[in-house]
Amino acid sequence: MKIMVGGTFDPLHDGHRRLLARSFELAGPDGRVIIGLSSDEFAGNKSHPVQPYAVRRAGIERFVRESGYVTPYEIEPLFDRFGSALDLDFDALVVSEETLPVAIEINRLRRERQKKKVDIHQITCVLAEDGRWISSTRIHRGEIDEHGRLTGG
């Protein structure tokens, strides 16, 4: 299976790890995972500072290596919410509850382009100790760490 997943991945937190892990599980060892990583320009629209593309890319590569995944993968820059997902031939998108609307929009736009609909696999967001979603924004605010532990911020 050819799987697509995307994000800014900064900082790489447990929610991102779940998203990436599910992508590799679905693809299987004979599949392929395409990871869309927000370009520096596109990530600049965030409400908090974002590390450079190369740093974020290295973090993803380290996670994949340390997790022992053997599925081939590639990381491509995202210059908008869709990247190559509108035109590329692939089987499924892996998204979180937060990004499900983007996946639905991708399928709508694919249909307009006479491209086949892709499956959408939604993971549940990882909860922090306080029962709220782990998010990069909350981490940048100092509320929680990348594992969802409260930091008192």
# chains A, B, ... in the order shown; residues from 1 in each chain; ligands from 1
>>> residues_around(residues="Leu127 in chain A", least_positions_apart="5", cutoff="12 Å", atoms="only C-alpha atoms", output="PyMOL selection string")
chain A and resi 13-16+18+132-135+138+144-150
>>> select_by_dssp(residues="range 43-145 of chain A", states="alpha helix (DSSP H)", output="PyMOL selection string")
chain A and resi 43+53-67+100-112+136-141
>>> write_last_selection(atoms="C-alpha atoms", output="mmCIF file, in the first residue's frame")
data_model
loop_
_atom_site.group_PDB
_atom_site.id
_atom_site.type_symbol
_atom_site.label_atom_id
_atom_site.label_comp_id
_atom_site.auth_asym_id
_atom_site.auth_seq_id
_atom_site.Cartn_x
_atom_site.Cartn_y
_atom_site.Cartn_z
ATOM 1 C CA ALA A 43 5.356 26.481 8.370
ATOM 2 C CA TYR A 53 12.994 22.144 7.594
ATOM 3 C CA ALA A 54 16.320 20.274 7.794
ATOM 4 C CA VAL A 55 16.060 19.932 11.590
ATOM 5 C CA ARG A 56 12.468 18.671 11.415
ATOM 6 C CA ARG A 57 13.357 16.274 8.603
ATOM 7 C CA ALA A 58 16.267 14.859 10.639
ATOM 8 C CA GLY A 59 13.872 14.277 13.563
ATOM 9 C CA ILE A 60 11.506 12.262 11.378
ATOM 10 C CA GLU A 61 14.384 10.252 9.888
ATOM 11 C CA ARG A 62 15.698 9.519 13.388
ATOM 12 C CA PHE A 63 12.237 8.354 14.531
ATOM 13 C CA VAL A 64 11.862 6.038 11.516
ATOM 14 C CA ARG A 65 15.365 4.602 11.995
ATOM 15 C CA GLU A 66 14.977 4.105 15.751
ATOM 16 C CA SER A 67 11.556 2.483 15.249
ATOM 17 C CA LEU A 100 -9.574 15.022 9.017
ATOM 18 C CA PRO A 101 -11.247 18.010 7.257
ATOM 19 C CA VAL A 102 -8.153 18.441 5.053
ATOM 20 C CA ALA A 103 -8.339 14.774 4.000
ATOM 21 C CA ILE A 104 -12.009 15.152 3.097
ATOM 22 C CA GLU A 105 -11.149 18.227 1.035
ATOM 23 C CA ILE A 106 -8.331 16.322 -0.709
ATOM 24 C CA ASN A 107 -10.789 13.636 -1.821
ATOM 25 C CA ARG A 108 -13.243 16.289 -3.031
ATOM 26 C CA LEU A 109 -10.547 17.997 -5.086
ATOM 27 C CA ARG A 110 -9.258 14.657 -6.401
ATOM 28 C CA ARG A 111 -12.773 13.835 -7.619
ATOM 29 C CA GLU A 112 -12.890 17.187 -9.474
ATOM 30 C CA SER A 136 2.801 21.602 19.205
ATOM 31 C CA THR A 137 1.152 24.848 20.282
ATOM 32 C CA ARG A 138 0.683 23.583 23.839
ATOM 33 C CA ILE A 139 4.299 22.388 23.912
ATOM 34 C CA HIS A 140 5.547 25.788 22.673
ATOM 35 C CA ARG A 141 3.461 27.520 25.332
#
>>> atom_distance(atom1="CA of Asp40 in chain A", atom2="CA of Glu97 in chain A")
24.1 Å
>>> closest_atom_pairs(of="range 44-107 of chain A", to="range 35-39 of chain A", cutoff="6 Å", atoms="only C-alpha atoms", output="Markdown table")
| residue | atom | partner | partner_atom | distance |
| --- | --- | --- | --- | --- |
| A:Ile75 | CA | A:Ile35 | CA | 4.7 |
| A:Glu76 | CA | A:Gly36 | CA | 5.0 |
| A:Pro77 | CA | A:Leu37 | CA | 4.9 |
| A:Leu78 | CA | A:Ser38 | CA | 4.4 |
| A:Phe79 | CA | A:Ser39 | CA | 5.7 |
>>> atom_distance(atom1="CA of Asp87 in chain A", atom2="CA of Asn45 in chain A")
24.1 Å
>>> decode(residues="range 45-139 of chain A", atoms="C-alpha atoms", output="PDB file, in the first residue's frame")
ATOM      1  CA  ASN A  45       2.128  30.586   8.999  1.00  0.00           C
ATOM      2  CA  LYS A  46       2.093  28.862  12.405  1.00  0.00           C
ATOM      3  CA  SER A  47       1.294  30.810  15.554  1.00  0.00           C
ATOM      4  CA  HIS A  48       4.567  29.695  17.163  1.00  0.00           C
ATOM      5  CA  PRO A  49       8.199  29.502  15.996  1.00  0.00           C
ATOM      6  CA  VAL A  50       9.126  26.434  13.946  1.00  0.00           C
ATOM      7  CA  GLN A  51      12.538  24.810  13.598  1.00  0.00           C
ATOM      8  CA  PRO A  52      14.111  24.790  10.103  1.00  0.00           C
ATOM      9  CA  TYR A  53      12.994  22.144   7.594  1.00  0.00           C
ATOM     10  CA  ALA A  54      16.320  20.274   7.794  1.00  0.00           C
ATOM     11  CA  VAL A  55      16.060  19.932  11.590  1.00  0.00           C
ATOM     12  CA  ARG A  56      12.468  18.671  11.415  1.00  0.00           C
ATOM     13  CA  ARG A  57      13.357  16.274   8.603  1.00  0.00           C
ATOM     14  CA  ALA A  58      16.267  14.859  10.639  1.00  0.00           C
ATOM     15  CA  GLY A  59      13.872  14.277  13.563  1.00  0.00           C
ATOM     16  CA  ILE A  60      11.506  12.262  11.378  1.00  0.00           C
ATOM     17  CA  GLU A  61      14.384  10.252   9.888  1.00  0.00           C
ATOM     18  CA  ARG A  62      15.698   9.519  13.388  1.00  0.00           C
ATOM     19  CA  PHE A  63      12.237   8.354  14.531  1.00  0.00           C
ATOM     20  CA  VAL A  64      11.862   6.038  11.516  1.00  0.00           C
ATOM     21  CA  ARG A  65      15.365   4.602  11.995  1.00  0.00           C
ATOM     22  CA  GLU A  66      14.977   4.105  15.751  1.00  0.00           C
ATOM     23  CA  SER A  67      11.556   2.483  15.249  1.00  0.00           C
ATOM     24  CA  GLY A  68      13.098  -0.110  12.944  1.00  0.00           C
ATOM     25  CA  TYR A  69      10.683   0.361  10.038  1.00  0.00           C
ATOM     26  CA  VAL A  70      11.859  -1.316   6.836  1.00  0.00           C
ATOM     27  CA  THR A  71       9.147   0.148   4.609  1.00  0.00           C
ATOM     28  CA  PRO A  72      10.616   2.459   1.981  1.00  0.00           C
ATOM     29  CA  TYR A  73       9.695   6.091   2.564  1.00  0.00           C
ATOM     30  CA  GLU A  74      10.367   9.542   1.245  1.00  0.00           C
ATOM     31  CA  ILE A  75       9.957  12.999   2.708  1.00  0.00           C
ATOM     32  CA  GLU A  76       8.745  15.764   0.422  1.00  0.00           C
ATOM     33  CA  PRO A  77       8.269  19.460   1.177  1.00  0.00           C
ATOM     34  CA  LEU A  78       4.720  20.785   1.538  1.00  0.00           C
ATOM     35  CA  PHE A  79       4.136  24.263   0.202  1.00  0.00           C
ATOM     36  CA  ASP A  80       0.396  24.136   0.984  1.00  0.00           C
ATOM     37  CA  ARG A  81      -2.097  21.863   2.779  1.00  0.00           C
ATOM     38  CA  PHE A  82      -2.278  19.394  -0.098  1.00  0.00           C
ATOM     39  CA  GLY A  83       1.203  18.842  -1.479  1.00  0.00           C
ATOM     40  CA  SER A  84       1.207  16.117  -4.129  1.00  0.00           C
ATOM     41  CA  ALA A  85      -1.895  14.433  -2.629  1.00  0.00           C
ATOM     42  CA  LEU A  86      -4.163  15.964  -5.279  1.00  0.00           C
ATOM     43  CA  ASP A  87      -2.385  14.358  -8.217  1.00  0.00           C
ATOM     44  CA  LEU A  88      -0.244  11.470  -6.974  1.00  0.00           C
ATOM     45  CA  ASP A  89      -1.441   7.874  -7.319  1.00  0.00           C
ATOM     46  CA  PHE A  90      -1.651   6.449  -3.794  1.00  0.00           C
ATOM     47  CA  ASP A  91      -3.996   4.375  -1.636  1.00  0.00           C
ATOM     48  CA  ALA A  92      -4.604   6.107   1.672  1.00  0.00           C
ATOM     49  CA  LEU A  93      -4.097   9.193   3.810  1.00  0.00           C
ATOM     50  CA  VAL A  94      -3.373   8.929   7.514  1.00  0.00           C
ATOM     51  CA  VAL A  95      -4.689  11.885   9.496  1.00  0.00           C
ATOM     52  CA  SER A  96      -5.562  12.915  13.028  1.00  0.00           C
ATOM     53  CA  GLU A  97      -8.945  14.088  14.265  1.00  0.00           C
ATOM     54  CA  GLU A  98      -7.619  17.602  13.838  1.00  0.00           C
ATOM     55  CA  THR A  99      -6.637  17.167  10.168  1.00  0.00           C
ATOM     56  CA  LEU A 100      -9.574  15.022   9.017  1.00  0.00           C
ATOM     57  CA  PRO A 101     -11.247  18.010   7.257  1.00  0.00           C
ATOM     58  CA  VAL A 102      -8.153  18.441   5.053  1.00  0.00           C
ATOM     59  CA  ALA A 103      -8.339  14.774   4.000  1.00  0.00           C
ATOM     60  CA  ILE A 104     -12.009  15.152   3.097  1.00  0.00           C
ATOM     61  CA  GLU A 105     -11.149  18.227   1.035  1.00  0.00           C
ATOM     62  CA  ILE A 106      -8.331  16.322  -0.709  1.00  0.00           C
ATOM     63  CA  ASN A 107     -10.789  13.636  -1.821  1.00  0.00           C
ATOM     64  CA  ARG A 108     -13.243  16.289  -3.031  1.00  0.00           C
ATOM     65  CA  LEU A 109     -10.547  17.997  -5.086  1.00  0.00           C
ATOM     66  CA  ARG A 110      -9.258  14.657  -6.401  1.00  0.00           C
ATOM     67  CA  ARG A 111     -12.773  13.835  -7.619  1.00  0.00           C
ATOM     68  CA  GLU A 112     -12.890  17.187  -9.474  1.00  0.00           C
ATOM     69  CA  ARG A 113      -9.605  16.214 -11.154  1.00  0.00           C
ATOM     70  CA  GLN A 114     -10.954  12.761 -12.098  1.00  0.00           C
ATOM     71  CA  LYS A 115      -8.531  11.072  -9.694  1.00  0.00           C
ATOM     72  CA  LYS A 116      -9.548   8.052  -7.635  1.00  0.00           C
ATOM     73  CA  LYS A 117     -10.742   8.603  -4.107  1.00  0.00           C
ATOM     74  CA  VAL A 118      -8.245   7.516  -1.449  1.00  0.00           C
ATOM     75  CA  ASP A 119      -9.010   5.824   1.847  1.00  0.00           C
ATOM     76  CA  ILE A 120      -8.781   7.969   4.952  1.00  0.00           C
ATOM     77  CA  HIS A 121      -7.386   6.410   8.110  1.00  0.00           C
ATOM     78  CA  GLN A 122      -7.943   8.595  11.144  1.00  0.00           C
ATOM     79  CA  ILE A 123      -5.954   8.063  14.304  1.00  0.00           C
ATOM     80  CA  THR A 124      -7.160   9.334  17.632  1.00  0.00           C
ATOM     81  CA  CYS A 125      -5.159  12.208  19.008  1.00  0.00           C
ATOM     82  CA  VAL A 126      -2.871  11.399  21.915  1.00  0.00           C
ATOM     83  CA  LEU A 127      -4.006  12.923  25.165  1.00  0.00           C
ATOM     84  CA  ALA A 128      -1.793  14.725  27.641  1.00  0.00           C
ATOM     85  CA  GLU A 129      -1.960  14.087  31.384  1.00  0.00           C
ATOM     86  CA  ASP A 130      -4.720  16.682  31.665  1.00  0.00           C
ATOM     87  CA  GLY A 131      -6.929  14.833  29.164  1.00  0.00           C
ATOM     88  CA  ARG A 132      -6.493  17.420  26.394  1.00  0.00           C
ATOM     89  CA  TRP A 133      -4.791  16.774  23.043  1.00  0.00           C
ATOM     90  CA  ILE A 134      -1.017  16.923  22.818  1.00  0.00           C
ATOM     91  CA  SER A 135      -0.245  19.707  20.358  1.00  0.00           C
ATOM     92  CA  SER A 136       2.801  21.602  19.205  1.00  0.00           C
ATOM     93  CA  THR A 137       1.152  24.848  20.282  1.00  0.00           C
ATOM     94  CA  ARG A 138       0.683  23.583  23.839  1.00  0.00           C
ATOM     95  CA  ILE A 139       4.299  22.388  23.912  1.00  0.00           C
TER      96      ILE A 139
END
